[in-house]
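Heads up, my_file.cif below (mmCIF, C-alpha atoms):
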```cif
data_final
#
loop_
_atom_site.label_atom_id
_atom_site.label_comp_id
_atom_site.auth_asym_id
_atom_site.auth_seq_id
_atom_site.Cartn_x
_atom_site.Cartn_y
_atom_site.Cartn_z
CA MET A 1 44.18 -4.00 -55.04
CA LYS A 2 42.92 -0.69 -53.72
CA LEU A 3 42.21 1.79 -56.50
CA THR A 4 42.65 5.52 -56.28
CA ILE A 5 40.34 7.07 -58.84
CA VAL A 6 41.86 10.33 -60.05
CA ALA A 7 38.95 11.35 -62.30
CA GLU A 8 35.53 10.20 -63.38
CA ARG A 9 34.19 11.48 -66.68
CA PRO A 10 32.73 10.42 -70.00
CA MET A 11 35.42 9.30 -72.44
CA LYS A 12 35.33 8.62 -76.15
CA LEU A 13 35.53 4.92 -76.89
CA THR A 14 38.22 5.66 -79.46
CA ASP A 15 40.47 7.03 -76.67
CA ILE A 16 40.35 3.76 -74.72
CA ARG A 17 42.79 0.97 -75.56
CA ILE A 18 41.36 -2.53 -75.56
CA ASP A 19 44.23 -4.16 -77.44
CA GLY A 20 46.81 -4.42 -74.66
CA ASP A 21 45.96 -7.91 -73.37
CA THR A 22 44.23 -6.42 -70.34
CA GLN A 23 41.10 -8.53 -70.89
CA SER A 24 41.28 -11.41 -68.44
CA ARG A 25 38.55 -13.51 -70.03
CA GLN A 26 39.04 -15.92 -72.89
CA ALA A 27 36.29 -14.18 -74.86
CA ILE A 28 33.56 -11.57 -74.66
CA ASN A 29 30.15 -13.09 -73.92
CA GLU A 30 28.01 -11.73 -76.74
CA GLU A 31 24.76 -12.60 -74.93
CA VAL A 32 25.83 -10.37 -72.04
CA VAL A 33 26.80 -7.58 -74.44
CA GLU A 34 23.37 -7.88 -76.06
CA LEU A 35 21.62 -7.77 -72.66
CA TYR A 36 23.65 -4.79 -71.46
CA ALA A 37 23.05 -2.93 -74.74
CA ARG A 38 19.31 -3.50 -74.48
CA ASN A 39 19.23 -2.44 -70.82
CA MET A 40 21.28 0.67 -71.60
CA SER A 41 18.95 1.63 -74.44
CA GLU A 42 16.03 1.28 -72.03
CA GLY A 43 17.66 3.77 -69.66
CA ASP A 44 19.39 1.52 -67.14
CA LYS A 45 22.45 3.12 -65.56
CA PHE A 46 25.67 1.12 -65.31
CA PRO A 47 28.72 1.83 -63.18
CA PRO A 48 31.70 3.47 -64.89
CA ILE A 49 34.28 1.31 -66.58
CA ILE A 50 37.79 1.46 -65.15
CA VAL A 51 40.80 2.50 -67.19
CA PHE A 52 44.44 2.82 -66.18
CA PHE A 53 46.27 5.88 -67.51
CA ASP A 54 50.01 5.43 -68.04
CA GLY A 55 50.72 9.02 -69.05
CA SER A 56 49.82 8.56 -72.69
CA GLU A 57 47.33 5.68 -73.06
CA TYR A 58 44.09 4.71 -71.33
CA TRP A 59 44.00 0.91 -70.85
CA LEU A 60 40.61 -0.70 -70.24
CA SER A 61 40.76 -2.92 -67.17
CA GLU A 62 37.19 -3.44 -65.96
CA GLY A 63 34.05 -3.14 -68.05
CA PHE A 64 34.76 -4.85 -71.37
CA HIS A 65 31.15 -6.02 -71.71
CA ARG A 66 29.84 -2.52 -70.93
CA TYR A 67 32.32 -1.04 -73.42
CA HIS A 68 31.12 -3.38 -76.17
CA ALA A 69 27.46 -2.75 -75.28
CA VAL A 70 27.98 1.00 -75.70
CA ARG A 71 29.62 0.35 -79.09
CA LYS A 72 26.74 -1.91 -80.07
CA ASN A 73 24.36 0.97 -79.31
CA CYS A 74 26.44 3.20 -81.64
CA LYS A 75 27.34 5.57 -78.82
CA GLU A 76 30.66 7.37 -78.81
CA GLU A 77 31.24 7.88 -75.07
CA ILE A 78 31.12 5.89 -71.86
CA LEU A 79 31.37 6.96 -68.21
CA THR A 80 34.89 6.14 -67.05
CA SER A 81 36.79 6.02 -63.77
CA ILE A 82 40.43 6.82 -64.39
CA VAL A 83 43.26 5.36 -62.31
CA ASN A 84 46.95 6.13 -62.73
CA GLY A 85 48.88 3.01 -63.65
CA THR A 86 50.49 0.95 -66.35
CA ARG A 87 49.08 -1.52 -68.84
CA ARG A 88 50.39 -4.29 -66.53
CA ASP A 89 48.54 -2.71 -63.59
CA ALA A 90 45.38 -2.79 -65.69
CA ALA A 91 45.93 -6.46 -66.57
CA TRP A 92 46.58 -7.40 -62.92
CA TYR A 93 43.48 -5.54 -61.72
CA ALA A 94 41.35 -7.11 -64.47
CA MET A 95 42.09 -10.61 -63.21
CA ALA A 96 40.24 -9.85 -59.96
CA ALA A 97 37.67 -7.36 -61.27
CA ASN A 98 34.71 -9.74 -61.28
CA ASN A 99 35.43 -11.70 -58.11
CA THR A 100 32.53 -10.08 -56.26
CA HIS A 101 30.27 -8.49 -58.89
CA GLY A 102 29.30 -8.49 -62.55
CA LEU A 103 29.60 -11.49 -64.83
CA ARG A 104 31.55 -14.03 -62.80
CA MET A 105 34.60 -15.62 -64.35
CA SER A 106 34.18 -19.12 -65.76
CA VAL A 107 36.46 -21.93 -64.63
CA SER A 108 38.41 -21.59 -67.89
CA ASP A 109 38.69 -17.81 -67.39
CA ARG A 110 40.11 -18.34 -63.89
CA ARG A 111 42.52 -20.99 -65.17
CA ARG A 112 43.64 -18.55 -67.89
CA CYS A 113 44.33 -15.89 -65.23
CA ILE A 114 46.24 -18.33 -63.03
CA MET A 115 48.34 -19.52 -65.95
CA ARG A 116 49.06 -15.95 -66.96
CA CYS A 117 50.32 -15.23 -63.44
CA LEU A 118 52.42 -18.38 -63.34
CA LYS A 119 54.06 -17.65 -66.69
CA ASP A 120 54.82 -14.01 -65.83
CA GLU A 121 58.34 -13.30 -64.56
CA GLU A 122 57.14 -10.96 -61.79
CA TRP A 123 53.73 -12.40 -60.88
CA SER A 124 55.01 -15.99 -60.72
CA LYS A 125 57.07 -15.03 -57.66
CA LYS A 126 53.87 -14.40 -55.70
CA PRO A 127 52.82 -17.16 -53.30
CA ASP A 128 50.18 -19.62 -54.52
CA ARG A 129 47.71 -18.36 -51.92
CA GLU A 130 48.03 -14.77 -53.14
CA ILE A 131 47.52 -15.78 -56.78
CA ALA A 132 44.57 -17.97 -55.74
CA ARG A 133 42.95 -15.15 -53.78
CA HIS A 134 43.51 -12.70 -56.63
CA CYS A 135 42.15 -15.05 -59.32
CA ASP A 136 39.24 -16.29 -57.17
CA ALA A 137 40.53 -19.84 -57.16
CA SER A 138 41.63 -22.35 -54.56
CA HIS A 139 45.19 -22.57 -53.30
CA PRO A 140 45.44 -26.27 -54.27
CA THR A 141 44.38 -25.41 -57.83
CA VAL A 142 47.17 -22.87 -58.17
CA ALA A 143 49.71 -25.24 -56.60
CA LYS A 144 48.67 -28.03 -58.97
CA MET A 145 48.88 -25.75 -62.01
CA ARG A 146 52.30 -24.45 -60.90
CA ASN A 147 53.58 -28.03 -60.51
CA GLU A 148 52.20 -29.02 -63.93
CA LEU A 149 53.79 -25.96 -65.53
CA ASN A 150 57.15 -26.66 -63.85
CA ARG A 151 57.05 -30.30 -65.01
CA SER A 152 56.21 -29.32 -68.59
CA GLU A 153 59.04 -26.75 -68.62
CA GLU A 154 61.49 -29.40 -67.40
CA HIS A 155 60.66 -31.51 -70.47
CA THR A 156 61.24 -28.73 -73.00
#
```
Rewritten as structure tokens:
Amino acid sequence: MKLTIVAERPMKLTDIRIDGDTQSRQAINEEVVELYARNMSEGDKFPPIIVFFDGSEYWLSEGFHRYHAVRKNCKEEILTSIVNGTRRDAAWYAMAANNTHGLRMSVSDRRRCIMRCLKDEEWSKKPDREIARHCDASHPTVAKMRNELNRSEEHT
């Protein structure tokens, strides 16, 4: 997904929504938050987080660990790249945000992303290969999970 950044500026943490199910991981890694917070307090510079602006809300999509590290350091603002888009756009982007950088997704994180795609009315229509590429997984893994999900739905 190619992003068009419309602005880059410091934003107050309180203006950024983190409660919209845009976090693709199962949980925040507190050790990473601790490391980032320490590095930030020692002067290390981090890239901006990415938020999607839907016209009224700013939805955090990439940078949850950086966001929490800034909070841990009792700071009020964080450098932010702003993209126009919906909460769903933010969630979709978040699933692929760490495919090439940052804290890599665990196997369970990737499985969570795949399952989220397969259970979504719109995203489930995407081919297995596209979901696999987006979630940094193998095509056979997505196909297997889709088949398992379809079988479990047949029995309910």
Rounded to one decimal in Å, what is the spacing between CA of Asn29 (chain A) and CA of Ile50 (chain A)?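 Those two atoms sit 18.6 Å apart.
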Assuming the chain letters and numbering stay as they are in my file, what does the PyMOL selection byres ((chain A and resi 141-155) around 12) actually select? List them as number ranges by chain. A: 107, 110-120, 124-140, 156
Taking the file above as input, evaluate the PyMOL selection byres ((chain A and resi 1-14) around 12) and report the hits as a ChimeraX atom specification. /A:15-19,47-53,57-62,64,66-72,74-85,89-97,130,133-134
On this structure, the PyMOL selection byres ((chain A and resi 32) around 10) would catch which residues? List them as JSON, numbers by chain, sorted by chain and number. {"A": [28, 29, 30, 31, 33, 34, 35, 36, 37, 38, 65, 66, 68, 69, 103]}
Take CA of Asp44 (chain A) and CA of Asn73 (chain A) and report the distance between them in Å, one decimal.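 So the answer is 13.2 Å.
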By how many Å are CA of Thr100 (chain A) and CA of Ser24 (chain A) apart? 15.1 Å
Counting only C-alpha atoms, which residue out of A:Gly55, A:Glu121, A:Gly63, A:Arg25 sits closest to His101 (chain A)? A:Gly63
Selected residue of minimal separation from Trp123 (chain A) among A:Met40, A:Asp21, A:Lys45, A:Arg88, counting all atoms listed in the file: A:Arg88
Give the padded box for region 133-142 of chain A as AutoDock Vina command-line options: axis-aligned, covering all atoms listed in the file, 5 Å on each side, centre and edge lengths in Å to one decimal.
```
--center_x 43.2 --center_y -19.5 --center_z -56.3 --size_x 17.9 --size_y 23.6 --size_z 16.0
```
Just region 106-121 of chain A, please, as a PDB file, in the first residue's frame (only N, CA and C atoms).
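And here's result.pdb as it stands now:
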```
ATOM      1  N   SER A 106       5.405 -11.675  15.143  1.00  0.00           N
ATOM      2  CA  SER A 106       5.566 -13.070  15.543  1.00  0.00           C
ATOM      3  C   SER A 106       4.660 -13.930  14.673  1.00  0.00           C
ATOM      4  N   VAL A 107       4.843 -15.233  14.750  1.00  0.00           N
ATOM      5  CA  VAL A 107       3.979 -16.153  14.008  1.00  0.00           C
ATOM      6  C   VAL A 107       2.533 -15.956  14.447  1.00  0.00           C
ATOM      7  N   SER A 108       2.304 -15.813  15.738  1.00  0.00           N
ATOM      8  CA  SER A 108       0.922 -15.627  16.213  1.00  0.00           C
ATOM      9  C   SER A 108       0.359 -14.280  15.770  1.00  0.00           C
ATOM     10  N   ASP A 109       1.204 -13.242  15.685  1.00  0.00           N
ATOM     11  CA  ASP A 109       0.741 -11.945  15.167  1.00  0.00           C
ATOM     12  C   ASP A 109       0.309 -12.077  13.706  1.00  0.00           C
ATOM     13  N   ARG A 110       1.131 -12.775  12.906  1.00  0.00           N
ATOM     14  CA  ARG A 110       0.790 -12.957  11.488  1.00  0.00           C
ATOM     15  C   ARG A 110      -0.492 -13.768  11.339  1.00  0.00           C
ATOM     16  N   ARG A 111      -0.622 -14.814  12.141  1.00  0.00           N
ATOM     17  CA  ARG A 111      -1.844 -15.630  12.090  1.00  0.00           C
ATOM     18  C   ARG A 111      -3.062 -14.783  12.465  1.00  0.00           C
ATOM     19  N   ARG A 112      -2.905 -13.901  13.442  1.00  0.00           N
ATOM     20  CA  ARG A 112      -3.998 -13.013  13.844  1.00  0.00           C
ATOM     21  C   ARG A 112      -4.404 -12.113  12.667  1.00  0.00           C
ATOM     22  N   CYS A 113      -3.411 -11.574  11.960  1.00  0.00           N
ATOM     23  CA  CYS A 113      -3.698 -10.713  10.808  1.00  0.00           C
ATOM     24  C   CYS A 113      -4.406 -11.490   9.698  1.00  0.00           C
ATOM     25  N   ILE A 114      -3.912 -12.685   9.419  1.00  0.00           N
ATOM     26  CA  ILE A 114      -4.530 -13.507   8.379  1.00  0.00           C
ATOM     27  C   ILE A 114      -5.984 -13.805   8.748  1.00  0.00           C
ATOM     28  N   MET A 115      -6.204 -14.203   9.993  1.00  0.00           N
ATOM     29  CA  MET A 115      -7.565 -14.544  10.416  1.00  0.00           C
ATOM     30  C   MET A 115      -8.477 -13.319  10.344  1.00  0.00           C
ATOM     31  N   ARG A 116      -7.927 -12.171  10.696  1.00  0.00           N
ATOM     32  CA  ARG A 116      -8.723 -10.948  10.614  1.00  0.00           C
ATOM     33  C   ARG A 116      -9.143 -10.692   9.168  1.00  0.00           C
ATOM     34  N   CYS A 117      -8.223 -10.886   8.232  1.00  0.00           N
ATOM     35  CA  CYS A 117      -8.551 -10.712   6.814  1.00  0.00           C
ATOM     36  C   CYS A 117      -9.608 -11.716   6.375  1.00  0.00           C
ATOM     37  N   LEU A 118      -9.443 -12.954   6.776  1.00  0.00           N
ATOM     38  CA  LEU A 118     -10.352 -14.004   6.326  1.00  0.00           C
ATOM     39  C   LEU A 118     -11.750 -13.867   6.924  1.00  0.00           C
ATOM     40  N   LYS A 119     -11.868 -13.225   8.057  1.00  0.00           N
ATOM     41  CA  LYS A 119     -13.178 -13.048   8.693  1.00  0.00           C
ATOM     42  C   LYS A 119     -13.856 -11.743   8.271  1.00  0.00           C
ATOM     43  N   ASP A 120     -13.121 -10.891   7.567  1.00  0.00           N
ATOM     44  CA  ASP A 120     -13.660  -9.595   7.143  1.00  0.00           C
ATOM     45  C   ASP A 120     -14.412  -9.751   5.822  1.00  0.00           C
ATOM     46  N   GLU A 121     -15.591  -9.165   5.752  1.00  0.00           N
ATOM     47  CA  GLU A 121     -16.438  -9.298   4.562  1.00  0.00           C
ATOM     48  C   GLU A 121     -15.728  -8.839   3.288  1.00  0.00           C
TER      49      GLU A 121
END
```
